[in-house]
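The data block below is structure35.pdb; it holds PDB, C-alpha atoms.
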```pdb
ATOM      1  CA  MET L 731    -137.413 -73.197-238.983
ATOM      2  CA  LYS L 732    -136.410 -72.436-235.386
ATOM      3  CA  LYS L 733    -138.288 -70.269-232.905
ATOM      4  CA  THR L 734    -138.188 -69.545-229.178
ATOM      5  CA  PHE L 735    -141.409 -69.068-227.236
ATOM      6  CA  HIS L 736    -141.855 -67.685-223.732
ATOM      7  CA  ILE L 737    -144.433 -69.697-221.813
ATOM      8  CA  LYS L 738    -146.263 -68.566-218.687
ATOM      9  CA  GLY L 739    -147.842 -71.111-216.394
ATOM     10  CA  MET L 740    -145.178 -73.831-216.405
ATOM     11  CA  HIS L 741    -144.390 -74.778-212.818
ATOM     12  CA  CYS L 742    -142.554 -78.085-212.979
ATOM     13  CA  LYS L 743    -140.918 -80.748-215.129
ATOM     14  CA  SER L 744    -144.293 -82.393-215.683
ATOM     15  CA  CYS L 745    -145.554 -79.201-217.340
ATOM     16  CA  SER L 746    -142.588 -79.106-219.702
ATOM     17  CA  ALA L 747    -142.885 -82.841-220.426
ATOM     18  CA  LEU L 748    -146.561 -82.443-221.323
ATOM     19  CA  ILE L 749    -145.830 -79.587-223.727
ATOM     20  CA  LYS L 750    -142.919 -81.489-225.284
ATOM     21  CA  SER L 751    -145.092 -84.564-225.811
ATOM     22  CA  GLU L 752    -147.899 -82.576-227.436
ATOM     23  CA  LEU L 753    -145.449 -80.820-229.758
ATOM     24  CA  GLU L 754    -143.732 -84.064-230.720
ATOM     25  CA  ASP L 755    -147.122 -85.560-231.609
ATOM     26  CA  ALA L 756    -147.498 -82.665-234.065
ATOM     27  CA  GLY L 757    -144.033 -83.260-235.575
ATOM     28  CA  VAL L 758    -142.279 -80.415-233.755
ATOM     29  CA  LYS L 759    -138.879 -80.961-232.150
ATOM     30  CA  SER L 760    -138.511 -79.026-228.916
ATOM     31  CA  GLU L 761    -136.405 -78.286-225.874
ATOM     32  CA  ILE L 762    -138.564 -77.056-223.006
ATOM     33  CA  ASP L 763    -137.056 -75.446-219.890
ATOM     34  CA  PHE L 764    -139.604 -74.823-217.165
ATOM     35  CA  SER L 765    -137.160 -72.847-214.989
ATOM     36  CA  SER L 766    -136.568 -70.214-217.705
ATOM     37  CA  ARG L 767    -140.106 -70.713-219.073
ATOM     38  CA  LYS L 768    -138.802 -71.054-222.627
ATOM     39  CA  ALA L 769    -139.505 -73.457-225.434
ATOM     40  CA  GLU L 770    -137.045 -73.712-228.283
ATOM     41  CA  VAL L 771    -138.754 -75.398-231.200
ATOM     42  CA  GLU L 772    -137.686 -76.619-234.613
ATOM     43  CA  PHE L 773    -140.308 -77.360-237.235
ATOM     44  CA  ASP L 774    -141.060 -77.637-240.927
ATOM     45  CA  ASP L 775    -143.058 -74.517-241.764
ATOM     46  CA  LYS L 776    -144.583 -76.335-244.735
ATOM     47  CA  LYS L 777    -146.245 -78.809-242.345
ATOM     48  CA  ILE L 778    -147.096 -76.652-239.322
ATOM     49  CA  ASN L 779    -147.139 -72.922-238.592
ATOM     50  CA  ILE L 780    -146.392 -70.770-235.555
ATOM     51  CA  LYS L 781    -150.086 -70.161-234.889
ATOM     52  CA  LYS L 782    -150.745 -73.921-234.622
ATOM     53  CA  ILE L 783    -147.734 -74.409-232.334
ATOM     54  CA  LYS L 784    -149.041 -71.679-230.032
ATOM     55  CA  GLN L 785    -152.466 -73.344-230.041
ATOM     56  CA  ILE L 786    -150.923 -76.670-229.031
ATOM     57  CA  ILE L 787    -149.090 -75.038-226.116
ATOM     58  CA  SER L 788    -152.099 -72.946-225.067
ATOM     59  CA  LYS L 789    -154.328 -76.027-225.069
ATOM     60  CA  GLY L 790    -152.662 -77.072-221.811
ATOM     61  CA  GLY L 791    -153.658 -73.799-220.146
ATOM     62  CA  TYR L 792    -150.366 -72.021-220.753
ATOM     63  CA  SER L 793    -149.856 -68.511-222.079
ATOM     64  CA  VAL L 794    -147.455 -68.188-225.047
ATOM     65  CA  LYS L 795    -145.527 -65.241-226.457
TER      66      LYS L 795
END
```
Can you dump the structure from the file as structure tokens?
Amino acid sequence: MKKTFHIKGMHCKSCSALIKSELEDAGVKSEIDFSSRKAEVEFDDKKINIKKIKQIISKGGYSVK
């Protein structure tokens, strides 16, 4: 499944790298663009759900829509 999230609070490449790393640890492929504040993710919805992905992103202090 593919989904795009809008993330508030990303300010630099380090922010996007941190989010990408956390998502990869959970088995989620992602492309994170801090300048557009978007995360395009691809995941197996039998292994992880959207709510959990949002929790992973929010854990870093970011706001997700």
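Note that atom CA of Lys732 of chain L and atom CA of Asp775 of chain L are 9.4 Å apart.
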*Residue members of the PyMOL selection byres ((chain L and resi 755-770) around 6) in the file shown, as a PyMOL selection string*: chain L and resi 733-737+740+746+752-754+771-773
*Which residue gives the smallest distance to Val794 of chain L among L:Met731, L:Ile780, L:Cys742, L:Leu748, with all atoms listed in the file counted?*
L:Ile780
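Taking atom CA of Asp774 of chain L and atom CA of Lys738 of chain L as endpoints, the distance between them is 24.6 Å.
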